[in-house]
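What follows is the content of work03.pdb (PDB, C-alpha atoms, pLDDT in the B column).
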```pdb
ATOM      1  CA  GLU A 739     -14.927 -49.766 -92.883  1.00 93.00           C
ATOM      2  CA  VAL A 740     -12.654 -50.497 -89.935  1.00 94.00           C
ATOM      3  CA  GLN A 741     -14.130 -52.973 -87.495  1.00 96.00           C
ATOM      4  CA  LEU A 742     -12.747 -54.395 -84.279  1.00 98.00           C
ATOM      5  CA  GLN A 743     -14.925 -57.029 -82.668  1.00 97.00           C
ATOM      6  CA  ALA A 744     -14.044 -58.003 -79.112  1.00 98.00           C
ATOM      7  CA  SER A 745     -15.512 -61.140 -77.576  1.00 98.00           C
ATOM      8  CA  GLY A 746     -14.901 -63.719 -74.886  1.00 98.00           C
ATOM      9  CA  GLY A 747     -15.807 -61.849 -71.736  1.00 98.00           C
ATOM     10  CA  GLY A 748     -17.817 -63.398 -68.956  1.00 98.00           C
ATOM     11  CA  LEU A 749     -18.038 -64.222 -65.282  1.00 98.00           C
ATOM     12  CA  VAL A 750     -15.210 -66.157 -63.690  1.00 98.00           C
ATOM     13  CA  GLN A 751     -14.059 -66.869 -60.153  1.00 98.00           C
ATOM     14  CA  ALA A 752     -10.837 -65.443 -58.815  1.00 98.00           C
ATOM     15  CA  GLY A 753      -7.913 -67.570 -59.938  1.00 98.00           C
ATOM     16  CA  GLY A 754      -9.693 -68.590 -63.103  1.00 98.00           C
ATOM     17  CA  SER A 755      -8.943 -67.890 -66.753  1.00 98.00           C
ATOM     18  CA  LEU A 756     -10.574 -66.306 -69.765  1.00 98.00           C
ATOM     19  CA  ARG A 757      -9.465 -65.751 -73.338  1.00 98.00           C
ATOM     20  CA  LEU A 758     -10.563 -62.637 -75.150  1.00 98.00           C
ATOM     21  CA  SER A 759     -10.561 -62.356 -78.933  1.00 98.00           C
ATOM     22  CA  CYS A 760     -10.381 -59.294 -81.159  1.00 98.00           C
ATOM     23  CA  ALA A 761     -11.313 -59.828 -84.799  1.00 98.00           C
ATOM     24  CA  ALA A 762     -10.136 -57.016 -87.068  1.00 97.00           C
ATOM     25  CA  SER A 763     -11.199 -56.007 -90.555  1.00 96.00           C
ATOM     26  CA  GLY A 764     -11.151 -53.019 -92.890  1.00 95.00           C
ATOM     27  CA  PHE A 765      -7.444 -52.191 -92.643  1.00 94.00           C
ATOM     28  CA  THR A 766      -4.067 -53.742 -93.417  1.00 94.00           C
ATOM     29  CA  PHE A 767      -3.580 -55.831 -90.306  1.00 94.00           C
ATOM     30  CA  ASP A 768       0.206 -56.147 -90.637  1.00 93.00           C
ATOM     31  CA  ASP A 769       0.604 -52.341 -90.538  1.00 94.00           C
ATOM     32  CA  TYR A 770      -1.024 -51.969 -87.143  1.00 96.00           C
ATOM     33  CA  ALA A 771      -0.526 -52.736 -83.512  1.00 97.00           C
ATOM     34  CA  ILE A 772      -3.489 -54.123 -81.632  1.00 97.00           C
ATOM     35  CA  GLY A 773      -3.944 -53.192 -78.022  1.00 98.00           C
ATOM     36  CA  TRP A 774      -6.197 -54.253 -75.186  1.00 98.00           C
ATOM     37  CA  PHE A 775      -7.503 -51.669 -72.778  1.00 98.00           C
ATOM     38  CA  ARG A 776      -9.883 -51.913 -69.857  1.00 98.00           C
ATOM     39  CA  GLN A 777     -12.146 -49.637 -67.908  1.00 98.00           C
ATOM     40  CA  ALA A 778     -13.364 -50.518 -64.460  1.00 97.00           C
ATOM     41  CA  PRO A 779     -16.427 -48.843 -62.944  1.00 92.00           C
ATOM     42  CA  GLY A 780     -15.597 -45.327 -61.837  1.00 95.00           C
ATOM     43  CA  LYS A 781     -12.079 -45.475 -63.232  1.00 96.00           C
ATOM     44  CA  GLU A 782     -10.314 -44.211 -66.322  1.00 96.00           C
ATOM     45  CA  ARG A 783      -9.549 -46.531 -69.188  1.00 97.00           C
ATOM     46  CA  GLU A 784      -6.088 -48.057 -68.918  1.00 97.00           C
ATOM     47  CA  GLY A 785      -3.809 -49.938 -71.279  1.00 98.00           C
ATOM     48  CA  VAL A 786      -3.344 -53.639 -70.607  1.00 98.00           C
ATOM     49  CA  SER A 787      -1.247 -55.041 -73.438  1.00 98.00           C
ATOM     50  CA  CYS A 788      -0.421 -54.600 -77.100  1.00 97.00           C
ATOM     51  CA  ILE A 789       1.200 -56.525 -79.904  1.00 97.00           C
ATOM     52  CA  SER A 790       2.840 -55.509 -83.157  1.00 94.00           C
ATOM     53  CA  SER A 791       1.177 -57.397 -85.987  1.00 91.00           C
ATOM     54  CA  SER A 792       4.380 -56.986 -87.964  1.00 91.00           C
ATOM     55  CA  ASP A 793       7.020 -58.560 -85.724  1.00 91.00           C
ATOM     56  CA  GLY A 794       5.025 -59.899 -82.803  1.00 93.00           C
ATOM     57  CA  SER A 795       6.597 -57.622 -80.207  1.00 95.00           C
ATOM     58  CA  THR A 796       4.495 -57.506 -77.074  1.00 97.00           C
ATOM     59  CA  TYR A 797       4.074 -55.041 -74.243  1.00 97.00           C
ATOM     60  CA  TYR A 798       2.261 -55.354 -70.934  1.00 98.00           C
ATOM     61  CA  ALA A 799       1.111 -53.155 -68.105  1.00 97.00           C
ATOM     62  CA  ASP A 800       2.871 -54.019 -64.855  1.00 97.00           C
ATOM     63  CA  SER A 801      -0.424 -55.030 -63.277  1.00 97.00           C
ATOM     64  CA  VAL A 802      -0.869 -57.966 -65.672  1.00 98.00           C
ATOM     65  CA  LYS A 803       2.691 -59.088 -66.384  1.00 98.00           C
ATOM     66  CA  GLY A 804       3.106 -62.794 -65.792  1.00 98.00           C
ATOM     67  CA  ARG A 805      -0.659 -63.391 -65.790  1.00 98.00           C
ATOM     68  CA  PHE A 806      -1.852 -62.189 -69.206  1.00 98.00           C
ATOM     69  CA  THR A 807      -0.494 -63.202 -72.602  1.00 98.00           C
ATOM     70  CA  ILE A 808      -1.265 -61.450 -75.857  1.00 98.00           C
ATOM     71  CA  SER A 809      -0.923 -63.244 -79.182  1.00 98.00           C
ATOM     72  CA  SER A 810      -1.843 -62.743 -82.806  1.00 97.00           C
ATOM     73  CA  ASP A 811      -3.073 -64.974 -85.608  1.00 96.00           C
ATOM     74  CA  ASN A 812      -2.311 -62.877 -88.670  1.00 94.00           C
ATOM     75  CA  ALA A 813      -3.974 -65.370 -90.997  1.00 95.00           C
ATOM     76  CA  LYS A 814      -7.241 -64.688 -89.183  1.00 96.00           C
ATOM     77  CA  ASN A 815      -6.610 -60.995 -88.437  1.00 97.00           C
ATOM     78  CA  THR A 816      -7.328 -61.824 -84.826  1.00 97.00           C
ATOM     79  CA  VAL A 817      -5.571 -60.977 -81.580  1.00 98.00           C
ATOM     80  CA  TYR A 818      -6.095 -62.901 -78.363  1.00 98.00           C
ATOM     81  CA  LEU A 819      -5.628 -62.009 -74.727  1.00 98.00           C
ATOM     82  CA  GLN A 820      -5.196 -65.039 -72.498  1.00 98.00           C
ATOM     83  CA  MET A 821      -5.926 -64.001 -68.938  1.00 98.00           C
ATOM     84  CA  ASN A 822      -4.862 -66.345 -66.158  1.00 98.00           C
ATOM     85  CA  SER A 823      -4.876 -66.038 -62.371  1.00 98.00           C
ATOM     86  CA  LEU A 824      -7.633 -63.491 -62.603  1.00 98.00           C
ATOM     87  CA  LYS A 825      -8.260 -61.201 -59.674  1.00 98.00           C
ATOM     88  CA  PRO A 826     -11.375 -59.235 -58.689  1.00 97.00           C
ATOM     89  CA  GLU A 827      -9.495 -56.054 -59.592  1.00 97.00           C
ATOM     90  CA  ASP A 828      -9.334 -57.286 -63.197  1.00 98.00           C
ATOM     91  CA  THR A 829     -13.083 -56.730 -63.427  1.00 98.00           C
ATOM     92  CA  ALA A 830     -13.697 -54.239 -66.219  1.00 98.00           C
ATOM     93  CA  VAL A 831     -14.970 -53.719 -69.707  1.00 98.00           C
ATOM     94  CA  TYR A 832     -12.165 -54.760 -72.027  1.00 98.00           C
ATOM     95  CA  TYR A 833     -11.685 -53.015 -75.363  1.00 98.00           C
ATOM     96  CA  CYS A 834      -9.430 -53.778 -78.295  1.00 98.00           C
ATOM     97  CA  ALA A 835      -8.002 -51.006 -80.407  1.00 98.00           C
ATOM     98  CA  ALA A 836      -5.695 -50.536 -83.378  1.00 97.00           C
ATOM     99  CA  ASP A 837      -2.914 -48.023 -83.943  1.00 96.00           C
ATOM    100  CA  PRO A 838      -0.528 -47.643 -86.879  1.00 94.00           C
ATOM    101  CA  LEU A 839       2.883 -49.161 -86.246  1.00 93.00           C
ATOM    102  CA  ASN A 840       4.565 -46.102 -87.695  1.00 90.00           C
ATOM    103  CA  SER A 841       3.054 -43.933 -84.975  1.00 85.00           C
ATOM    104  CA  GLY A 842       5.632 -45.374 -82.601  1.00 81.00           C
ATOM    105  CA  SER A 843       3.463 -44.547 -79.618  1.00 89.00           C
ATOM    106  CA  TYR A 844       1.383 -47.714 -79.443  1.00 91.00           C
ATOM    107  CA  ARG A 845       3.942 -49.236 -77.078  1.00 90.00           C
ATOM    108  CA  ASP A 846       3.041 -46.679 -74.419  1.00 91.00           C
ATOM    109  CA  LEU A 847      -0.482 -48.104 -74.197  1.00 93.00           C
ATOM    110  CA  ARG A 848      -1.946 -44.633 -74.011  1.00 92.00           C
ATOM    111  CA  ASP A 849      -5.630 -44.138 -74.599  1.00 90.00           C
ATOM    112  CA  GLU A 850      -4.941 -42.603 -78.032  1.00 92.00           C
ATOM    113  CA  TYR A 851      -5.278 -45.469 -80.490  1.00 96.00           C
ATOM    114  CA  ASP A 852      -6.886 -44.638 -83.822  1.00 95.00           C
ATOM    115  CA  TYR A 853      -9.586 -47.301 -83.970  1.00 96.00           C
ATOM    116  CA  TRP A 854     -11.661 -48.852 -81.212  1.00 97.00           C
ATOM    117  CA  GLY A 855     -14.032 -51.754 -80.930  1.00 96.00           C
ATOM    118  CA  GLN A 856     -16.918 -52.244 -78.594  1.00 94.00           C
ATOM    119  CA  GLY A 857     -16.087 -53.662 -75.195  1.00 95.00           C
ATOM    120  CA  THR A 858     -16.579 -57.059 -73.650  1.00 98.00           C
ATOM    121  CA  LEU A 859     -17.303 -57.327 -69.936  1.00 98.00           C
ATOM    122  CA  VAL A 860     -15.064 -59.379 -67.682  1.00 98.00           C
ATOM    123  CA  THR A 861     -16.302 -59.960 -64.146  1.00 98.00           C
ATOM    124  CA  VAL A 862     -14.095 -61.727 -61.606  1.00 98.00           C
ATOM    125  CA  SER A 863     -15.830 -62.804 -58.441  1.00 98.00           C
ATOM    126  CA  SER A 864     -14.002 -63.264 -55.152  1.00 94.00           C
TER     127      SER A 864
END
```

Whole structure given in structure tokens:
Amino acid sequence: EVQLQASGGGLVQAGGSLRLSCAASGFTFDDYAIGWFRQAPGKEREGVSCISSSDGSTYYADSVKGRFTISSDNAKNTVYLQMNSLKPEDTAVYYCAADPLNSGSYRDLRDEYDYWGQGTLVTVSS
């Protein structure tokens, strides 16, 4: 059974930092890309960042470049999203998802990944 367990959300003041974790199981981790998506109240879900578990290639949405860093610990089948310089507009439910590397489309951060975890809420106060 594929499982993606996101954790690490919480309440933080603007300018602060949080680190999200996504623990994966039930599939061959090295064959997948792991992505982070977010959905703010009243808005569509959007892609934030993704990483290839095979070669470590990373991709970011323009809105988070320079502030967020995605990384992977393949020994633990876990992907992290370090979020710095948080802004109120980063407030959202954050989801992690997995997509096969051979799909080729994971880099586009479209809302079409194969497997999804439950979300973790990030609230940034002004």

Next on the checklist: Given the point (-10.5, -58.0, -87.4) in the file's coordinates, find the residues that have an atom at most 7 Å from it, counting all atoms listed in the file, and give them as a ChimeraX atom specification.
Outcome noted: /A:741-743,760-763,815-816

Next on the checklist: Give me the residues near A:Pro826 as JSON, numbers by chain, where near means some atom within 8 Å (using all atoms listed in the file) and where sequence neighbours in that chain fewer than 2 positions away do not count.
Outcome noted: {"A": [752, 824, 828, 829, 861, 862, 863, 864]}

Next on the checklist: If the PyMOL selection byres ((chain A and resi 833) around 12) were run on this exact file, what residues would it hold? Put them as a PyMOL selection string.
Outcome noted: chain A and resi 742-747+758-761+772-778+783-788+817-819+830-832+834-836+849+851+853-860

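Contact shell of A:Tyr770 at 6 Å (all atoms listed in the file; same-chain neighbours under 6 positions omitted): Ser791, Asp837, Pro838 and Leu839 of chain A.
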
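Comparing the minimum interatomic distances between A:Ile808 and each of A:Ser790, A:Gln751, A:Ser823, A:Ser841, counting all atoms listed in the file, we find that A:Ser790 sits nearest.
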
Edge lengths and centre in Å to one decimal, as AutoDock Vina command-line options, is what I'm after for the box along x, y and z that holds all listed atoms of stretch 762-765 of chain A once 6 Å is added on each side.
```
--center_x -9.3 --center_y -54.6 --center_z -90.0 --size_x 15.8 --size_y 16.8 --size_z 17.8
```

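Closest to A:Ser809 among A:Lys781, A:Gly842, A:Ala771, A:Leu847 is A:Ala771, based on all atoms listed in the file.
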
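Computed from the coordinates, the atom CA of A:Val802 to atom CA of A:Leu749 distance equals 18.3 Å.
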
Next on the checklist: To one decimal place in Å, what is the distance between atom CA of A:Ser795 and atom CA of A:Asp768?
Outcome noted: 12.3 Å

Checklist outcome for this item: re atom CA of A:Glu827 and atom CA of A:Tyr797: distance 20.0 Å

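Distances to A:Arg757 were evaluated for A:Arg805, A:Arg845, A:Met821, A:Glu850 using all atoms listed in the file, and the minimum falls at A:Met821.
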
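The closest residue to A:Ala799, picked from A:Asp846, A:Val740, A:Asp852, A:Lys825 and counting all atoms listed in the file, is A:Asp846.
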